[in-house]
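The structure appears below as structure tokens.
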Amino acid sequence: MEEPSYLEELIRGGESDCVEFKSERPASDKKYLKTAVAFANGKGGHLLFGIEDGGRSVVGVPEDEVFRMMDTLVNSVADSCTPPIVPAQRLCTLRGKRVI
């Protein structure tokens, strides 16, 4: 599990070529699949779900959706990309909220 202080640093730094925030899973998988491919083709990166882009607020992923969402995210990336990308996932509690 990622250290909360490391995640706090990523959030403070804002989005960049290797950090992207999503407050929730987008309706279209393409919105995060493009990011996963870009990170895989570059130097890697962090795609954080449960973080609001604009204000960098921790909004969290609803507790009853966390594990289903994690499963959906990794399967979507692995199944949609050629060659396959198998992302490393971490679940963390930050400011009392769940972040993937």
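Identifiers for the structure tokens are assigned positionally: chains receive A, B, ... in sequence, residues are indexed from 1 per chain, and ligands are indexed from 1 in the order shown.
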
Next on the checklist: So that I can see what lies close to Ala38 (chain A), please list as a PyMOL selection string the residues with an atom at most 10 Å from it, counting only C-alpha atoms and leaving out residues fewer than 6 positions away in the same chain.
Outcome noted: chain A and resi 17-18+32+44-45

Go ahead and write the selection's residues with N, CA, C and O atoms as a CSV table (one decimal), in the first residue's frame.
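In the end it all went to result-v4.csv:
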chain,number,residue,atom,x,y,z
A,17,ASP,N,2.8,15.0,-16.5
A,17,ASP,CA,3.0,14.0,-17.5
A,17,ASP,C,3.0,12.6,-16.9
A,17,ASP,O,2.9,11.6,-17.6
A,18,CYS,N,3.1,12.5,-15.6
A,18,CYS,CA,3.1,11.2,-15.0
A,18,CYS,C,2.2,11.1,-13.8
A,18,CYS,O,2.2,10.1,-13.0
A,32,TYR,N,-9.6,6.7,-19.4
A,32,TYR,CA,-8.4,6.3,-18.6
A,32,TYR,C,-7.5,5.4,-19.3
A,32,TYR,O,-6.3,5.2,-19.0
A,44,GLY,N,6.2,5.6,-17.0
A,44,GLY,CA,5.2,5.2,-16.0
A,44,GLY,C,4.5,6.3,-15.4
A,44,GLY,O,4.6,7.5,-15.9
A,45,GLY,N,3.6,6.1,-14.5
A,45,GLY,CA,2.9,7.1,-13.9
A,45,GLY,C,1.9,6.7,-12.8
A,45,GLY,O,1.8,5.5,-12.6

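Neighbours of Asp29 (chain A) closer than or equal to 9 Å, with only C-alpha atoms counted and sequence neighbours fewer than 6 positions away skipped, come out as Leu73, Ser76 and Val77 of chain A.
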
Checklist entry - Which residue gives the smallest distance to Leu48 (chain A) among A:Ala36, A:Met70, A:Ala88, A:Val19, with only C-alpha atoms counted? => result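 Looking at the shortest contact to Leu48 (chain A), the residue is A:Val19.
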
Per residue of region 14-85 of chain A within 10 Å of region 92-96 of chain A, record the nearest atom pair and its distance in Å to one decimal, counting only C-alpha atoms, with rows in chain order and ascending residue number, as a Markdown table.
| residue | atom | partner | partner_atom | distance |
| --- | --- | --- | --- | --- |
| A:Gly50 | CA | A:Leu94 | CA | 9.7 |
| A:Ser57 | CA | A:Arg95 | CA | 9.9 |
| A:Val58 | CA | A:Arg95 | CA | 7.2 |
| A:Val59 | CA | A:Arg95 | CA | 9.3 |
| A:Gly60 | CA | A:Leu94 | CA | 8.2 |
| A:Val61 | CA | A:Thr93 | CA | 9.9 |

Checklist entry - Quick one: DSSP strand (DSSP E or B) residues in chain A, as JSON, numbers by chain? => result {"A": [16, 19, 20, 21, 22, 46, 47, 48, 49, 51, 58, 92, 93, 94, 97, 98, 99]}

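Proximity to Lys34 (chain A) at 12 Å, evaluated using only C-alpha atoms and with sequence-adjacent residues fewer than 3 positions away removed, yields Glu20, Ser28, Asp29, Lys30, Lys31, Val37, Ala38, Phe39, Ala40, Asn41, Leu47, Ser76, Val77, Ser80, Cys81 and Ile85 of chain A.
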
Can I get the selected residues back with all heavy atoms, as a compact mmCIF listing (two decimals), in the first residue's frame?
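So the final result, stored in result-v2.txt, reads:
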# COMPACT_ATOMS: atom_id res chain seq x y z
N GLU A 20 -2.14 11.69 -12.93
CA GLU A 20 -3.47 12.13 -13.36
C GLU A 20 -4.48 11.76 -12.29
O GLU A 20 -4.39 10.70 -11.67
CB GLU A 20 -3.86 11.48 -14.69
CG GLU A 20 -5.18 12.04 -15.19
CD GLU A 20 -5.38 11.85 -16.69
OE1 GLU A 20 -4.41 11.84 -17.43
OE2 GLU A 20 -6.55 11.73 -17.06
N SER A 28 -16.88 6.34 -19.88
CA SER A 28 -16.15 5.73 -20.99
C SER A 28 -14.77 5.30 -20.52
O SER A 28 -13.98 6.12 -20.03
CB SER A 28 -16.01 6.73 -22.14
OG SER A 28 -15.13 6.22 -23.12
N ASP A 29 -14.47 4.00 -20.68
CA ASP A 29 -13.15 3.49 -20.30
C ASP A 29 -12.02 4.17 -21.07
O ASP A 29 -10.90 4.27 -20.58
CB ASP A 29 -13.06 1.98 -20.53
CG ASP A 29 -13.97 1.19 -19.61
OD1 ASP A 29 -14.44 1.75 -18.60
OD2 ASP A 29 -14.19 -0.01 -19.89
N LYS A 30 -12.32 4.67 -22.27
CA LYS A 30 -11.29 5.29 -23.11
C LYS A 30 -10.60 6.44 -22.39
O LYS A 30 -9.43 6.71 -22.64
CB LYS A 30 -11.89 5.78 -24.43
CG LYS A 30 -12.24 4.68 -25.38
CD LYS A 30 -12.78 5.22 -26.68
CE LYS A 30 -13.15 4.07 -27.60
NZ LYS A 30 -13.61 4.55 -28.90
N LYS A 31 -11.32 7.10 -21.51
CA LYS A 31 -10.76 8.27 -20.82
C LYS A 31 -9.56 7.91 -19.94
O LYS A 31 -8.65 8.70 -19.78
CB LYS A 31 -11.82 8.98 -20.00
CG LYS A 31 -12.93 9.53 -20.87
CD LYS A 31 -13.48 10.79 -20.30
CE LYS A 31 -14.65 11.24 -21.12
NZ LYS A 31 -14.40 12.41 -21.89
N VAL A 37 -2.05 3.81 -21.41
CA VAL A 37 -1.16 3.57 -22.55
C VAL A 37 -0.04 4.61 -22.57
O VAL A 37 1.13 4.27 -22.79
CB VAL A 37 -1.95 3.55 -23.87
CG1 VAL A 37 -1.01 3.56 -25.07
CG2 VAL A 37 -2.87 2.34 -23.93
N ALA A 38 -0.38 5.86 -22.35
CA ALA A 38 0.65 6.91 -22.33
C ALA A 38 1.67 6.65 -21.24
O ALA A 38 2.89 6.78 -21.48
CB ALA A 38 -0.01 8.28 -22.13
N PHE A 39 1.22 6.27 -20.06
CA PHE A 39 2.15 5.97 -18.97
C PHE A 39 3.02 4.77 -19.33
O PHE A 39 4.23 4.76 -19.08
CB PHE A 39 1.40 5.70 -17.66
CG PHE A 39 0.79 6.92 -17.01
CD1 PHE A 39 -0.16 6.77 -16.01
CD2 PHE A 39 1.15 8.20 -17.37
CE1 PHE A 39 -0.73 7.86 -15.38
CE2 PHE A 39 0.58 9.32 -16.76
CZ PHE A 39 -0.35 9.14 -15.76
N ALA A 40 2.42 3.73 -19.92
CA ALA A 40 3.17 2.52 -20.29
C ALA A 40 4.21 2.82 -21.37
O ALA A 40 5.29 2.23 -21.36
CB ALA A 40 2.22 1.44 -20.76
N ASN A 41 3.89 3.72 -22.27
CA ASN A 41 4.82 4.07 -23.34
C ASN A 41 5.88 5.07 -22.89
O ASN A 41 6.85 5.30 -23.59
CB ASN A 41 4.08 4.65 -24.55
CG ASN A 41 3.35 3.58 -25.32
OD1 ASN A 41 3.76 2.43 -25.35
ND2 ASN A 41 2.24 3.96 -25.95
N LEU A 47 -2.16 7.03 -11.80
CA LEU A 47 -3.54 7.41 -12.13
C LEU A 47 -4.33 7.19 -10.85
O LEU A 47 -4.54 6.06 -10.43
CB LEU A 47 -4.07 6.54 -13.27
CG LEU A 47 -5.50 6.75 -13.72
CD1 LEU A 47 -5.77 8.20 -14.10
CD2 LEU A 47 -5.79 5.85 -14.92
N SER A 76 -10.09 -3.96 -17.48
CA SER A 76 -10.29 -3.11 -18.65
C SER A 76 -8.96 -2.77 -19.30
O SER A 76 -8.80 -2.86 -20.53
CB SER A 76 -11.03 -1.84 -18.24
OG SER A 76 -11.23 -1.00 -19.34
N VAL A 77 -7.98 -2.40 -18.51
CA VAL A 77 -6.66 -2.05 -19.05
C VAL A 77 -5.99 -3.29 -19.64
O VAL A 77 -5.50 -3.26 -20.77
CB VAL A 77 -5.77 -1.40 -17.97
CG1 VAL A 77 -4.34 -1.23 -18.46
CG2 VAL A 77 -6.34 -0.05 -17.54
N SER A 80 -7.87 -4.49 -22.92
CA SER A 80 -8.04 -3.54 -24.02
C SER A 80 -6.74 -3.13 -24.70
O SER A 80 -6.78 -2.48 -25.74
CB SER A 80 -8.73 -2.28 -23.52
OG SER A 80 -10.00 -2.60 -23.01
N CYS A 81 -5.62 -3.46 -24.14
CA CYS A 81 -4.35 -2.97 -24.66
C CYS A 81 -3.52 -4.11 -25.25
O CYS A 81 -3.45 -5.20 -24.69
CB CYS A 81 -3.55 -2.29 -23.55
SG CYS A 81 -4.43 -0.89 -22.83
N ILE A 85 -1.21 -4.53 -20.92
CA ILE A 85 -0.65 -3.76 -19.81
C ILE A 85 -1.32 -4.28 -18.55
O ILE A 85 -2.54 -4.35 -18.48
CB ILE A 85 -0.97 -2.25 -19.96
CG1 ILE A 85 -0.37 -1.69 -21.23
CG2 ILE A 85 -0.48 -1.49 -18.73
CD1 ILE A 85 -0.86 -0.29 -21.57

Next on the checklist: Just checking: using only C-alpha atoms, which residue out of A:Arg12, A:Leu7, A:Met69, A:Val86 ends up closest to Pro26 (chain A)?
Outcome noted: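 Checking each of A:Arg12, A:Leu7, A:Met69, A:Val86 against Pro26 (chain A), counting only C-alpha atoms, the winner is A:Met69.
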
Next on the checklist: DSSP on the backbone, alpha helix (DSSP H) only: what residues of chain A does that give? Format it as an MDAnalysis selection string.
Outcome noted: chainID A and resid 4:13 30:41 66:80

Checklist entry - Out of A:His46, A:Gly14, A:Glu52, A:Phe21, which residue has the shortest atom-to-atom distance to Pro87 (chain A) when counting only C-alpha atoms? => result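 Of A:His46, A:Gly14, A:Glu52, A:Phe21, the one nearest Pro87 (chain A), counting only C-alpha atoms, is A:His46.
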
Item to check | Counting only C-alpha atoms, the residue of A:Lys43, A:Arg68, A:Arg90, A:Arg56 that sits nearest Ser23 (chain A) | outcome: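 Closest residue, counting only C-alpha atoms: A:Arg56.
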
Next on the checklist: Using Å and a single decimal, report how far CA of Val66 (chain A) sits from CA of Pro84 (chain A).
Outcome noted: 23.2 Å

Next on the checklist: What's the separation between CA of Glu9 (chain A) and CA of Val99 (chain A), in Å to one decimal place?
Outcome noted: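 Computing it gives 14.2 Å between the two atoms.
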
Item to check | Minimum-distance residue to Thr72 (chain A), chosen among A:Pro4, A:Thr35, A:Ser16, A:Arg25 (using only C-alpha atoms) | outcome: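 Residue with the minimum atom-to-atom distance to Thr72 (chain A): A:Arg25.
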